[in-house]
file start-v1.tsv (TSV, C-alpha atoms)
chain	number	residue	atom	x	y	z
A	1	MET	CA	0.00	0.00	0.00
A	2	GLU	CA	1.13	3.54	-0.75
A	3	LYS	CA	2.09	5.39	2.42
A	4	LEU	CA	-0.53	7.64	3.98
A	5	LYS	CA	0.89	11.19	3.96
A	6	ILE	CA	0.07	12.99	7.21
A	7	LEU	CA	0.64	16.68	7.97
A	8	LEU	CA	1.46	17.78	11.50
A	9	ALA	CA	1.10	21.47	12.36
A	10	LYS	CA	3.82	23.28	14.29
A	11	GLY	CA	3.18	24.62	17.78
A	12	ARG	CA	0.43	23.62	20.20
A	13	ILE	CA	-1.30	21.37	17.68
A	14	TYR	CA	1.91	19.38	17.22
A	15	GLU	CA	2.26	18.74	20.94
A	16	SER	CA	-1.36	17.62	21.35
A	17	VAL	CA	-1.33	15.35	18.30
A	18	TYR	CA	2.12	13.96	19.22
A	19	GLU	CA	0.71	12.83	22.57
A	20	LEU	CA	-2.39	11.36	20.92
A	21	LEU	CA	-0.30	9.41	18.41
A	22	SER	CA	1.91	8.14	21.21
A	23	ASP	CA	-1.10	6.95	23.20
A	24	VAL	CA	-2.38	4.86	20.28
A	25	GLY	CA	1.07	3.32	19.79
A	26	ILE	CA	2.38	5.46	16.93
A	27	SER	CA	5.75	6.94	17.84
A	28	ILE	CA	7.31	9.84	15.97
A	29	TYR	CA	10.71	11.43	16.34
A	30	LEU	CA	11.63	14.75	14.73
A	31	PRO	CA	15.39	15.16	14.21
A	32	ASP	CA	16.81	18.68	14.60
A	33	ARG	CA	16.46	21.02	11.62
A	34	THR	CA	14.20	18.64	9.70
A	35	TYR	CA	10.48	18.60	8.90
A	36	PHE	CA	9.97	14.87	8.33
A	37	PRO	CA	9.47	12.90	11.58
A	38	ILE	CA	10.63	9.29	11.79
A	39	THR	CA	7.90	6.84	12.78
A	40	ASN	CA	7.56	3.19	13.78
A	41	GLN	CA	4.75	2.71	11.22
A	42	ASP	CA	5.80	1.56	7.74
A	43	ASP	CA	2.55	2.70	6.10
A	44	LEU	CA	2.62	6.29	7.45
A	45	ALA	CA	4.74	9.28	6.37
A	46	PHE	CA	4.71	12.52	8.37
A	47	GLN	CA	5.64	16.12	7.53
A	48	VAL	CA	5.61	19.19	9.79
A	49	VAL	CA	4.22	22.42	8.31
A	50	LYS	CA	2.78	25.72	9.52
A	51	PRO	CA	-0.77	25.35	10.89
A	52	GLN	CA	-2.09	28.00	8.50
A	53	ILE	CA	-1.39	25.90	5.39
A	54	VAL	CA	-2.41	22.38	6.43
A	55	SER	CA	-5.91	22.66	4.95
A	56	CYS	CA	-4.61	24.24	1.72
A	57	LEU	CA	-2.24	21.33	1.16
A	58	LEU	CA	-5.03	18.82	1.75
A	59	ALA	CA	-7.39	20.69	-0.58
A	60	THR	CA	-4.80	20.49	-3.37
A	61	ASP	CA	-3.98	16.80	-2.74
A	62	LYS	CA	-0.45	17.46	-1.50
A	63	ALA	CA	-1.19	15.18	1.47
A	64	ASP	CA	-3.84	12.71	2.63
A	65	VAL	CA	-4.47	13.63	6.26
A	66	GLY	CA	-3.76	16.67	8.40
A	67	PHE	CA	-4.55	18.23	11.75
A	68	SER	CA	-5.79	21.82	11.68
A	69	GLY	CA	-7.88	24.27	13.58
A	70	LYS	CA	-11.33	24.71	12.06
A	71	ASP	CA	-10.66	28.46	11.91
A	72	TRP	CA	-7.87	28.05	9.34
A	73	VAL	CA	-10.00	25.77	7.18
A	74	TYR	CA	-12.60	28.51	6.91
A	75	GLU	CA	-9.99	31.25	6.68
A	76	ASN	CA	-8.52	29.46	3.66
A	77	GLU	CA	-12.04	28.91	2.28
A	78	VAL	CA	-11.45	25.21	1.69
A	79	GLN	CA	-14.19	23.81	3.94
A	80	ASP	CA	-15.87	22.30	0.87
A	81	ASP	CA	-12.60	20.92	-0.52
A	82	VAL	CA	-11.54	18.81	2.47
A	83	GLU	CA	-13.35	16.25	4.59
A	84	GLU	CA	-13.57	16.62	8.37
A	85	ILE	CA	-12.92	13.21	9.93
A	86	MET	CA	-13.31	14.06	13.61
A	87	ASP	CA	-13.16	16.88	16.13
A	88	LEU	CA	-10.33	16.08	18.53
A	89	GLY	CA	-11.43	18.88	20.86
A	90	PHE	CA	-7.88	20.14	21.44
A	91	ASP	CA	-7.15	23.84	21.98
A	92	PRO	CA	-10.73	25.15	21.79
A	93	VAL	CA	-10.81	28.84	20.90
A	94	ARG	CA	-13.20	31.53	19.75
A	95	ILE	CA	-12.48	33.95	16.94
A	96	VAL	CA	-13.66	37.25	18.37
A	97	ALA	CA	-13.85	40.96	17.65
A	98	ALA	CA	-12.55	43.15	20.47
A	99	ILE	CA	-12.23	46.87	21.18
A	100	PRO	CA	-10.77	48.97	24.01
A	101	GLU	CA	-12.82	48.60	27.22
A	102	ALA	CA	-13.65	52.29	27.42
A	103	TYR	CA	-15.09	52.47	23.89
A	104	ASP	CA	-18.64	51.97	22.63
A	105	PHE	CA	-18.85	49.53	19.72
A	106	GLN	CA	-21.70	51.29	17.92
A	107	LYS	CA	-19.84	54.61	18.03
A	108	ILE	CA	-16.67	52.98	16.71
A	109	ILE	CA	-18.39	51.48	13.67
A	110	SER	CA	-20.36	54.64	12.92
A	111	LYS	CA	-17.31	55.87	11.01
A	112	PRO	CA	-14.47	54.28	9.00
A	113	VAL	CA	-12.31	51.95	11.11
A	114	THR	CA	-9.15	49.88	10.79
A	115	ILE	CA	-9.27	46.24	11.85
A	116	ALA	CA	-6.08	44.49	12.95
A	117	THR	CA	-6.20	40.77	12.26
A	118	GLU	CA	-4.43	37.69	10.98
A	119	TYR	CA	-7.78	36.38	9.73
A	120	GLN	CA	-8.28	38.29	6.49
A	121	THR	CA	-11.07	36.13	5.00
A	122	LEU	CA	-13.11	35.74	8.18
A	123	SER	CA	-12.72	39.43	8.97
A	124	ARG	CA	-13.74	40.53	5.48
A	125	LYS	CA	-16.92	38.46	5.70
A	126	TRP	CA	-17.65	39.87	9.17
A	127	VAL	CA	-17.19	43.44	7.93
A	128	GLN	CA	-19.58	42.77	5.06
A	129	ASP	CA	-22.18	41.11	7.30
A	130	LYS	CA	-22.05	43.98	9.80
A	131	LYS	CA	-22.00	46.58	7.00
A	132	ILE	CA	-18.94	48.23	8.52
A	133	ASP	CA	-16.76	50.68	6.62
A	134	GLY	CA	-13.57	48.90	7.58
A	135	THR	CA	-10.02	48.52	6.30
A	136	LEU	CA	-8.14	45.35	7.19
A	137	PHE	CA	-4.62	45.62	8.59
A	138	ARG	CA	-2.82	42.28	8.37
A	139	THR	CA	-0.95	41.15	11.46
A	140	TRP	CA	1.15	38.08	12.20
A	141	GLY	CA	0.91	36.39	15.59
A	142	THR	CA	0.25	38.51	18.68
A	143	SER	CA	-1.94	41.45	17.69
A	144	GLU	CA	-3.34	43.04	20.85
A	145	GLY	CA	-0.80	45.87	20.76
A	146	PHE	CA	-2.27	47.27	17.54
A	147	VAL	CA	-5.54	48.26	19.26
A	148	GLN	CA	-5.15	50.82	22.04
A	149	ASP	CA	-7.23	53.36	23.90
A	150	ASN	CA	-5.70	56.45	22.27
A	151	GLU	CA	-5.76	58.44	19.03
A	152	ASP	CA	-2.42	57.00	17.91
A	153	SER	CA	-3.77	53.44	17.82
A	154	ILE	CA	-3.04	51.70	14.52
A	155	ALA	CA	-6.44	49.99	14.57
A	156	GLN	CA	-9.74	50.40	16.39
A	157	ILE	CA	-10.91	46.77	16.26
A	158	LEU	CA	-9.02	43.53	16.83
A	159	ILE	CA	-10.13	40.19	15.39
A	160	ASP	CA	-8.19	37.32	16.92
A	161	ASN	CA	-8.53	33.93	18.58
A	162	THR	CA	-8.88	33.57	22.33
A	163	SER	CA	-9.31	30.65	24.71
A	164	THR	CA	-9.84	32.31	28.09
A	165	GLY	CA	-9.88	35.99	27.16
A	166	SER	CA	-7.16	36.72	29.71
A	167	SER	CA	-4.77	38.23	27.16
A	168	LEU	CA	-7.50	40.57	25.93
A	169	LYS	CA	-8.30	41.66	29.48
A	170	ALA	CA	-4.61	42.20	30.24
A	171	ASN	CA	-4.51	44.59	27.26
A	172	LYS	CA	-7.75	46.32	28.38
A	173	LEU	CA	-9.79	44.99	25.48
A	174	LYS	CA	-13.35	43.67	25.58
A	175	ILE	CA	-15.10	41.19	23.29
A	176	VAL	CA	-17.97	42.65	21.26
A	177	ASP	CA	-18.72	39.74	18.92
A	178	THR	CA	-17.82	36.09	18.24
A	179	LEU	CA	-17.17	35.18	14.61
A	180	MET	CA	-16.83	31.41	15.13
A	181	GLU	CA	-15.67	28.68	17.49
A	182	SER	CA	-12.75	26.44	16.61
A	183	SER	CA	-10.75	23.44	17.83
A	184	THR	CA	-8.15	21.05	16.43
A	185	ARG	CA	-9.68	18.57	14.00
A	186	MET	CA	-8.56	15.71	11.81
A	187	TYR	CA	-9.10	16.40	8.11
A	188	ALA	CA	-8.53	14.35	4.97
A	189	SER	CA	-8.27	15.18	1.31
A	190	LYS	CA	-11.28	14.29	-0.84
A	191	THR	CA	-9.04	12.22	-3.12
A	192	ALA	CA	-7.68	10.15	-0.23
A	193	MET	CA	-11.19	9.39	0.96
A	194	GLN	CA	-12.09	8.13	-2.51
A	195	ASN	CA	-9.19	5.66	-2.41
A	196	PRO	CA	-10.49	2.46	-0.69
A	197	GLU	CA	-7.17	1.53	0.92
A	198	LYS	CA	-6.41	5.03	2.15
A	199	ARG	CA	-9.97	5.54	3.35
A	200	GLN	CA	-9.78	2.32	5.38
A	201	LYS	CA	-6.50	3.42	6.99
A	202	ILE	CA	-7.89	6.88	7.77
A	203	MET	CA	-10.98	5.39	9.42
A	204	GLU	CA	-8.78	2.98	11.40
A	205	LEU	CA	-6.79	5.95	12.71
A	206	LYS	CA	-10.04	7.67	13.64
A	207	MET	CA	-11.14	4.60	15.58
A	208	LEU	CA	-7.82	4.42	17.44
A	209	PHE	CA	-7.93	8.13	18.28
A	210	GLN	CA	-11.50	7.79	19.53
A	211	THR	CA	-10.59	4.93	21.88
A	212	VAL	CA	-7.89	7.10	23.48
A	213	LEU	CA	-10.15	10.15	23.75
A	214	ASN	CA	-12.85	7.96	25.32
A	215	ALA	CA	-10.34	6.67	27.87
A	216	ARG	CA	-9.09	10.16	28.76
A	217	SER	CA	-12.54	11.16	29.96
A	218	ARG	CA	-13.18	7.99	31.99
A	219	VAL	CA	-11.76	5.94	34.84
A	220	MET	CA	-12.35	2.41	36.07
A	221	LEU	CA	-13.78	1.85	39.53
A	222	GLU	CA	-13.55	-1.48	41.35
A	223	MET	CA	-15.35	-2.20	44.60
A	224	ASN	CA	-16.72	-4.93	46.81
A	225	VAL	CA	-20.24	-5.15	48.21
A	226	SER	CA	-22.11	-7.57	50.44
A	227	GLU	CA	-24.88	-9.74	49.05
A	228	GLU	CA	-27.51	-7.87	51.06
A	229	LYS	CA	-26.58	-4.48	49.62
A	230	PHE	CA	-25.79	-5.67	46.10
A	231	ASP	CA	-29.12	-4.81	44.40
A	232	ALA	CA	-29.30	-1.29	45.82
A	233	LEU	CA	-25.70	-0.56	44.87
A	234	VAL	CA	-26.05	-1.82	41.29
A	235	LYS	CA	-29.10	0.43	40.76
A	236	ALA	CA	-26.98	3.43	41.79
A	237	LEU	CA	-24.15	2.69	39.34
A	238	PRO	CA	-23.72	4.92	36.25
A	239	SER	CA	-22.07	2.44	33.89
A	240	MET	CA	-21.23	2.71	30.18
A	241	LYS	CA	-23.17	-0.53	29.60
A	242	SER	CA	-23.66	-3.01	32.43
A	243	PRO	CA	-21.20	-3.39	35.29
A	244	THR	CA	-18.89	-6.40	35.44
A	245	VAL	CA	-19.82	-8.52	38.44
A	246	SER	CA	-18.09	-11.57	39.92
A	247	PRO	CA	-18.66	-13.43	43.23
A	248	LEU	CA	-16.10	-13.00	45.97
A	249	PHE	CA	-14.20	-16.03	47.21
A	250	GLY	CA	-16.16	-17.68	49.99
A	251	GLY	CA	-19.50	-16.34	48.79
A	252	ASN	CA	-19.45	-13.27	51.04
A	253	GLY	CA	-20.52	-10.78	48.36
A	254	TYR	CA	-19.52	-9.49	44.96
A	255	ALA	CA	-16.71	-7.63	43.21
A	256	ILE	CA	-17.90	-4.95	40.76
A	257	LYS	CA	-16.12	-3.09	37.96
A	258	ILE	CA	-17.50	-0.03	36.18
A	259	ALA	CA	-16.12	2.57	33.77
A	260	VAL	CA	-17.39	6.05	34.64
A	261	LYS	CA	-16.78	9.64	33.60
A	262	LYS	CA	-14.01	11.34	35.54
A	263	SER	CA	-16.28	14.28	36.21
A	264	ASP	CA	-18.74	11.98	38.03
A	265	VAL	CA	-16.18	10.59	40.49
A	266	PRO	CA	-16.26	13.36	43.16
A	267	THR	CA	-20.00	12.93	43.74
A	268	LEU	CA	-20.10	9.21	42.96
A	269	LEU	CA	-17.58	7.93	45.53
A	270	PRO	CA	-19.48	9.17	48.63
A	271	LYS	CA	-22.70	7.80	47.14
A	272	LEU	CA	-21.18	4.38	46.53
A	273	GLN	CA	-19.82	4.23	50.05
A	274	ALA	CA	-23.23	5.17	51.45
A	275	GLU	CA	-24.78	2.32	49.42
A	276	GLY	CA	-22.42	-0.20	51.00
A	277	ALA	CA	-19.44	-0.31	48.63
A	278	SER	CA	-16.06	-1.04	50.21
A	279	ASP	CA	-12.45	-1.46	49.05
A	280	ILE	CA	-13.07	1.05	46.24
A	281	VAL	CA	-10.15	1.41	43.80
A	282	GLU	CA	-9.89	3.95	40.96
A	283	TYR	CA	-7.45	3.64	38.06
A	284	GLU	CA	-6.78	5.21	34.68
A	285	LEU	CA	-7.76	3.67	31.35
A	286	ARG	CA	-5.61	3.72	28.21
A	287	LYS	CA	-8.17	2.86	25.53
A	288	VAL	CA	-11.94	2.51	25.58
A	289	MET	CA	-13.83	1.16	22.58
A	290	ILE	CA	-17.55	1.81	22.93
call {"tool": "encode", "arguments": {"input": "start-v1.tsv", "output": "structure tokens"}}
result
Amino acid sequence: MEKLKILLAKGRIYESVYELLSDVGISIYLPDRTYFPITNQDDLAFQVVKPQIVSCLLATDKADVGFSGKDWVYENEVQDDVEEIMDLGFDPVRIVAAIPEAYDFQKIISKPVTIATEYQTLSRKWVQDKKIDGTLFRTWGTSEGFVQDNEDSIAQILIDNTSTGSSLKANKLKIVDTLMESSTRMYASKTAMQNPEKRQKIMELKMLFQTVLNARSRVMLEMNVSEEKFDALVKALPSMKSPTVSPLFGGNGYAIKIAVKKSDVPTLLPKLQAEGASDIVEYELRKVMI
């Protein structure tokens, strides 16, 4: 089979996807000053590129699979030319419009304004939708410094991505609109998905990734319970399917295993104890196939 060509984006996306690949058993090593990681998989070939161009390369069949923020897919206007395989949920951000805290948005847009942004396409569409007389000023990377509360400010509106909004607040900016929400997603080229062998490999990768993501949000709980309290305890268990139950040696009760959401554990443990559970053990899961 021809190798599946996979694009890895530099920066935060690389770190998140590197960890995900490692957890499914795919190791990659990037030698210094190179862009082609070495892997333990004979049917995969990786290349590291800037996150802004991953979707463009997929849309023009320069690669088969890539990991990109949804924002850059829409910024590059290739959402109809690539296929979204799955939302990994990494690095969730909002693309927002922000202005100085002391300013009134309606007054700002009542006259011609300059908008500082790295997102030229998304910003242009926003300006058109809002019927704003705006000129776009292209920035690269950190852009908060271009919008200030004074007459010398280069721009009056900032359009940028934010996760917590803390950087905007630190620069005395406030959010006035949200253009879209984004996160890291797995995309494939249309051509690769039309190739039966490549499509099968892509869907296998999706399945492996999903098992790891399932496991990250869950833990396994083991406990013992007496025969008298067994029925009441089982009714109180939030299990993915049905709990695994086995009799204890000597017939003095039962051992129970359940996989539960991590977020349920703080309220679940006291409840289980109150229902008669003892010897409760919690441990991490590596893969969960539902």
call {"tool": "residues_around", "arguments": {"input": "start-v1.tsv", "residues": "Ala277 of chain A", "least_positions_apart": "6", "cutoff": "8 Å", "atoms": "only C-alpha atoms", "output": "PyMOL selection string"}}
result
chain A and resi 223-226+233
call {"tool": "closest_residue", "arguments": {"input": "start-v1.tsv", "among": "A:Asp160, A:Ser55, A:Phe137, A:Ala63", "to": "Ile95 of chain A", "atoms": "all atoms listed in the file"}}
result
A:Asp160
call {"tool": "closest_residue", "arguments": {"input": "start-v1.tsv", "among": "A:Cys56, A:Leu173, A:Met203, A:Val73", "to": "Ala102 of chain A", "atoms": "all atoms listed in the file"}}
result
A:Leu173
call {"tool": "closest_residue", "arguments": {"input": "start-v1.tsv", "among": "A:Leu122, A:Val127, A:Ile157, A:Leu221", "to": "Leu272 of chain A", "atoms": "only C-alpha atoms"}}
result
A:Leu221
call {"tool": "closest_residue", "arguments": {"input": "start-v1.tsv", "among": "A:Glu204, A:Asp61, A:Glu181, A:Glu282", "to": "Val93 of chain A", "atoms": "all atoms listed in the file"}}
result
A:Glu181
call {"tool": "residues_around", "arguments": {"input": "start-v1.tsv", "residues": "Ser246 of chain A", "least_positions_apart": "5", "cutoff": "10 Å", "atoms": "all atoms listed in the file", "output": "MDAnalysis selection string"}}
result
chainID A and resid 224 253:257
call {"tool": "write_last_selection", "arguments": {"input": "start-v1.tsv", "atoms": "C-alpha atoms", "output": "PDB file, keeping the file's coordinate frame"}}
result
ATOM      1  CA  ASN A 224     -16.720  -4.930  46.810  1.00  0.00           C
ATOM      2  CA  GLY A 253     -20.520 -10.780  48.360  1.00  0.00           C
ATOM      3  CA  TYR A 254     -19.520  -9.490  44.960  1.00  0.00           C
ATOM      4  CA  ALA A 255     -16.710  -7.630  43.210  1.00  0.00           C
ATOM      5  CA  ILE A 256     -17.900  -4.950  40.760  1.00  0.00           C
ATOM      6  CA  LYS A 257     -16.120  -3.090  37.960  1.00  0.00           C
TER       7      LYS A 257
END
call {"tool": "closest_residue", "arguments": {"input": "start-v1.tsv", "among": "A:Glu284, A:Glu15, A:Glu118, A:Asp80", "to": "Lys262 of chain A", "atoms": "all atoms listed in the file"}}
result
A:Glu284
call {"tool": "residues_around", "arguments": {"input": "start-v1.tsv", "residues": "Lys50 of chain A", "least_positions_apart": "6", "cutoff": "9 Å", "atoms": "only C-alpha atoms", "output": "list in words"}}
result
Leu8, Ala9, Lys10 and Gly11 of chain A
call {"tool": "closest_residue", "arguments": {"input": "start-v1.tsv", "among": "A:Ile258, A:Met193, A:Ile115, A:Leu20", "to": "Pro243 of chain A", "atoms": "all atoms listed in the file"}}
result
A:Ile258
call {"tool": "atom_distance", "arguments": {"input": "start-v1.tsv", "atom1": "atom CA of Leu88 of chain A", "atom2": "atom CA of Phe67 of chain A"}}
result
9.2 Å
call {"tool": "atom_distance", "arguments": {"input": "start-v1.tsv", "atom1": "atom CA of Asp104 of chain A", "atom2": "atom CA of Thr164 of chain A"}}
result
22.2 Å
call {"tool": "residues_around", "arguments": {"input": "start-v1.tsv", "residues": "Leu158 of chain A", "least_positions_apart": "2", "cutoff": "6 Å", "atoms": "all atoms listed in the file", "output": "list in words"}}
result
Ala97, Ala98, Ile115 and Ala116 of chain A
call {"tool": "residues_around", "arguments": {"input": "start-v1.tsv", "residues": "segment 28-32 of chain A", "least_positions_apart": "4", "cutoff": "12 Å", "atoms": "only C-alpha atoms", "output": "list in words"}}
result
Ile6, Leu8, Lys10, Tyr14, Glu15, Val17, Tyr18, Glu19, Leu20, Leu21, Ser22, Asp23, Val24, Phe36, Pro37, Ile38, Thr39, Asn40, Gln41, Asp42, Leu44, Ala45, Phe46, Gln47 and Val48 of chain A
call {"tool": "write_last_selection", "arguments": {"input": "start-v1.tsv", "atoms": "C-alpha atoms", "output": "compact mmCIF listing (two decimals), in the coordinates of the input"}}
result
# COMPACT_ATOMS: atom_id res chain seq x y z
CA ILE A 6 0.07 12.99 7.21
CA LEU A 8 1.46 17.78 11.50
CA LYS A 10 3.82 23.28 14.29
CA TYR A 14 1.91 19.38 17.22
CA GLU A 15 2.26 18.74 20.94
CA VAL A 17 -1.33 15.35 18.30
CA TYR A 18 2.12 13.96 19.22
CA GLU A 19 0.71 12.83 22.57
CA LEU A 20 -2.39 11.36 20.92
CA LEU A 21 -0.30 9.41 18.41
CA SER A 22 1.91 8.14 21.21
CA ASP A 23 -1.10 6.95 23.20
CA VAL A 24 -2.38 4.86 20.28
CA PHE A 36 9.97 14.87 8.33
CA PRO A 37 9.47 12.90 11.58
CA ILE A 38 10.63 9.29 11.79
CA THR A 39 7.90 6.84 12.78
CA ASN A 40 7.56 3.19 13.78
CA GLN A 41 4.75 2.71 11.22
CA ASP A 42 5.80 1.56 7.74
CA LEU A 44 2.62 6.29 7.45
CA ALA A 45 4.74 9.28 6.37
CA PHE A 46 4.71 12.52 8.37
CA GLN A 47 5.64 16.12 7.53
CA VAL A 48 5.61 19.19 9.79
call {"tool": "atom_distance", "arguments": {"input": "start-v1.tsv", "atom1": "atom CA of Arg94 of chain A", "atom2": "atom CA of Val54 of chain A"}}
result
19.4 Å
call {"tool": "closest_atom_pairs", "arguments": {"input": "start-v1.tsv", "of": "segment 57-171 of chain A", "to": "segment 182-188 of chain A", "cutoff": "7 Å", "atoms": "only C-alpha atoms", "output": "tab-separated table"}}
result
residue	atom	partner	partner_atom	distance
A:Leu58	CA	A:Ala188	CA	6.5
A:Asp64	CA	A:Ala188	CA	5.5
A:Val65	CA	A:Ala188	CA	4.3
A:Gly66	CA	A:Tyr187	CA	5.4
A:Phe67	CA	A:Met186	CA	4.7
A:Ser68	CA	A:Thr184	CA	5.4
A:Gly69	CA	A:Thr184	CA	4.3
A:Lys70	CA	A:Ser182	CA	5.1
A:Asp71	CA	A:Ser182	CA	5.5
A:Val82	CA	A:Ala188	CA	5.9
A:Glu83	CA	A:Ala188	CA	5.2
A:Glu84	CA	A:Tyr187	CA	4.5
A:Ile85	CA	A:Tyr187	CA	5.3
A:Met86	CA	A:Met186	CA	5.3
A:Asp87	CA	A:Arg185	CA	4.4
A:Leu88	CA	A:Arg185	CA	5.2
A:Gly89	CA	A:Ser183	CA	5.5
A:Phe90	CA	A:Thr184	CA	5.1
A:Asp91	CA	A:Ser183	CA	5.5
A:Pro92	CA	A:Ser183	CA	4.3
A:Val93	CA	A:Ser182	CA	5.3
A:Arg94	CA	A:Ser182	CA	6.0
call {"tool": "write_last_selection", "arguments": {"input": "start-v1.tsv", "atoms": "C-alpha atoms", "output": "mmCIF file, in the coordinates of the input"}}
result
data_model
loop_
_atom_site.group_PDB
_atom_site.id
_atom_site.type_symbol
_atom_site.label_atom_id
_atom_site.label_comp_id
_atom_site.auth_asym_id
_atom_site.auth_seq_id
_atom_site.Cartn_x
_atom_site.Cartn_y
_atom_site.Cartn_z
ATOM 1 C CA LEU A 58 -5.030 18.820 1.750
ATOM 2 C CA ASP A 64 -3.840 12.710 2.630
ATOM 3 C CA VAL A 65 -4.470 13.630 6.260
ATOM 4 C CA GLY A 66 -3.760 16.670 8.400
ATOM 5 C CA PHE A 67 -4.550 18.230 11.750
ATOM 6 C CA SER A 68 -5.790 21.820 11.680
ATOM 7 C CA GLY A 69 -7.880 24.270 13.580
ATOM 8 C CA LYS A 70 -11.330 24.710 12.060
ATOM 9 C CA ASP A 71 -10.660 28.460 11.910
ATOM 10 C CA VAL A 82 -11.540 18.810 2.470
ATOM 11 C CA GLU A 83 -13.350 16.250 4.590
ATOM 12 C CA GLU A 84 -13.570 16.620 8.370
ATOM 13 C CA ILE A 85 -12.920 13.210 9.930
ATOM 14 C CA MET A 86 -13.310 14.060 13.610
ATOM 15 C CA ASP A 87 -13.160 16.880 16.130
ATOM 16 C CA LEU A 88 -10.330 16.080 18.530
ATOM 17 C CA GLY A 89 -11.430 18.880 20.860
ATOM 18 C CA PHE A 90 -7.880 20.140 21.440
ATOM 19 C CA ASP A 91 -7.150 23.840 21.980
ATOM 20 C CA PRO A 92 -10.730 25.150 21.790
ATOM 21 C CA VAL A 93 -10.810 28.840 20.900
ATOM 22 C CA ARG A 94 -13.200 31.530 19.750
#
call {"tool": "build_atoms", "arguments": {"input": "start-v1.tsv", "residues": "segment 10-15 of chain A", "atoms": "all heavy atoms", "output": "mmCIF file, keeping the file's coordinate frame"}}
result
data_model
loop_
_atom_site.group_PDB
_atom_site.id
_atom_site.type_symbol
_atom_site.label_atom_id
_atom_site.label_comp_id
_atom_site.auth_asym_id
_atom_site.auth_seq_id
_atom_site.Cartn_x
_atom_site.Cartn_y
_atom_site.Cartn_z
ATOM 1 N N LYS A 10 2.888 22.807 13.262
ATOM 2 C CA LYS A 10 3.820 23.280 14.290
ATOM 3 C C LYS A 10 3.058 23.836 15.488
ATOM 4 O O LYS A 10 1.889 24.212 15.390
ATOM 5 C CB LYS A 10 4.718 24.381 13.735
ATOM 6 C CG LYS A 10 5.757 23.924 12.725
ATOM 7 C CD LYS A 10 6.612 25.103 12.292
ATOM 8 C CE LYS A 10 7.694 24.688 11.318
ATOM 9 N NZ LYS A 10 8.534 25.832 10.903
ATOM 10 N N GLY A 11 3.748 23.947 16.625
ATOM 11 C CA GLY A 11 3.180 24.620 17.780
ATOM 12 C C GLY A 11 2.319 23.731 18.659
ATOM 13 O O GLY A 11 2.574 22.537 18.823
ATOM 14 N N ARG A 12 1.266 24.330 19.239
ATOM 15 C CA ARG A 12 0.430 23.620 20.200
ATOM 16 C C ARG A 12 -0.240 22.388 19.588
ATOM 17 O O ARG A 12 -0.397 21.364 20.242
ATOM 18 C CB ARG A 12 -0.649 24.554 20.772
ATOM 19 C CG ARG A 12 -0.099 25.631 21.703
ATOM 20 C CD ARG A 12 -1.222 26.466 22.271
ATOM 21 N NE ARG A 12 -1.974 27.134 21.206
ATOM 22 C CZ ARG A 12 -3.062 27.875 21.433
ATOM 23 N NH1 ARG A 12 -3.518 28.020 22.660
ATOM 24 N NH2 ARG A 12 -3.672 28.474 20.428
ATOM 25 N N ILE A 13 -0.649 22.500 18.335
ATOM 26 C CA ILE A 13 -1.300 21.370 17.680
ATOM 27 C C ILE A 13 -0.345 20.177 17.613
ATOM 28 O O ILE A 13 -0.733 19.036 17.871
ATOM 29 C CB ILE A 13 -1.788 21.748 16.270
ATOM 30 C CG1 ILE A 13 -2.933 22.765 16.364
ATOM 31 C CG2 ILE A 13 -2.246 20.513 15.502
ATOM 32 C CD1 ILE A 13 -3.471 23.217 15.022
ATOM 33 N N TYR A 14 0.920 20.454 17.309
ATOM 34 C CA TYR A 14 1.910 19.380 17.220
ATOM 35 C C TYR A 14 2.018 18.625 18.542
ATOM 36 O O TYR A 14 2.019 17.393 18.570
ATOM 37 C CB TYR A 14 3.270 19.938 16.820
ATOM 38 C CG TYR A 14 4.340 18.882 16.669
ATOM 39 C CD1 TYR A 14 4.551 18.260 15.439
ATOM 40 C CD2 TYR A 14 5.124 18.484 17.748
ATOM 41 C CE1 TYR A 14 5.519 17.276 15.291
ATOM 42 C CE2 TYR A 14 6.092 17.506 17.616
ATOM 43 C CZ TYR A 14 6.293 16.903 16.387
ATOM 44 O OH TYR A 14 7.240 15.933 16.255
ATOM 45 N N GLU A 15 2.096 19.374 19.637
ATOM 46 C CA GLU A 15 2.260 18.740 20.940
ATOM 47 C C GLU A 15 1.061 17.871 21.292
ATOM 48 O O GLU A 15 1.208 16.749 21.802
ATOM 49 C CB GLU A 15 2.459 19.818 22.023
ATOM 50 C CG GLU A 15 3.707 20.666 21.837
ATOM 51 C CD GLU A 15 4.987 19.845 21.806
ATOM 52 O OE1 GLU A 15 5.051 18.843 22.553
ATOM 53 O OE2 GLU A 15 5.909 20.185 21.047
#
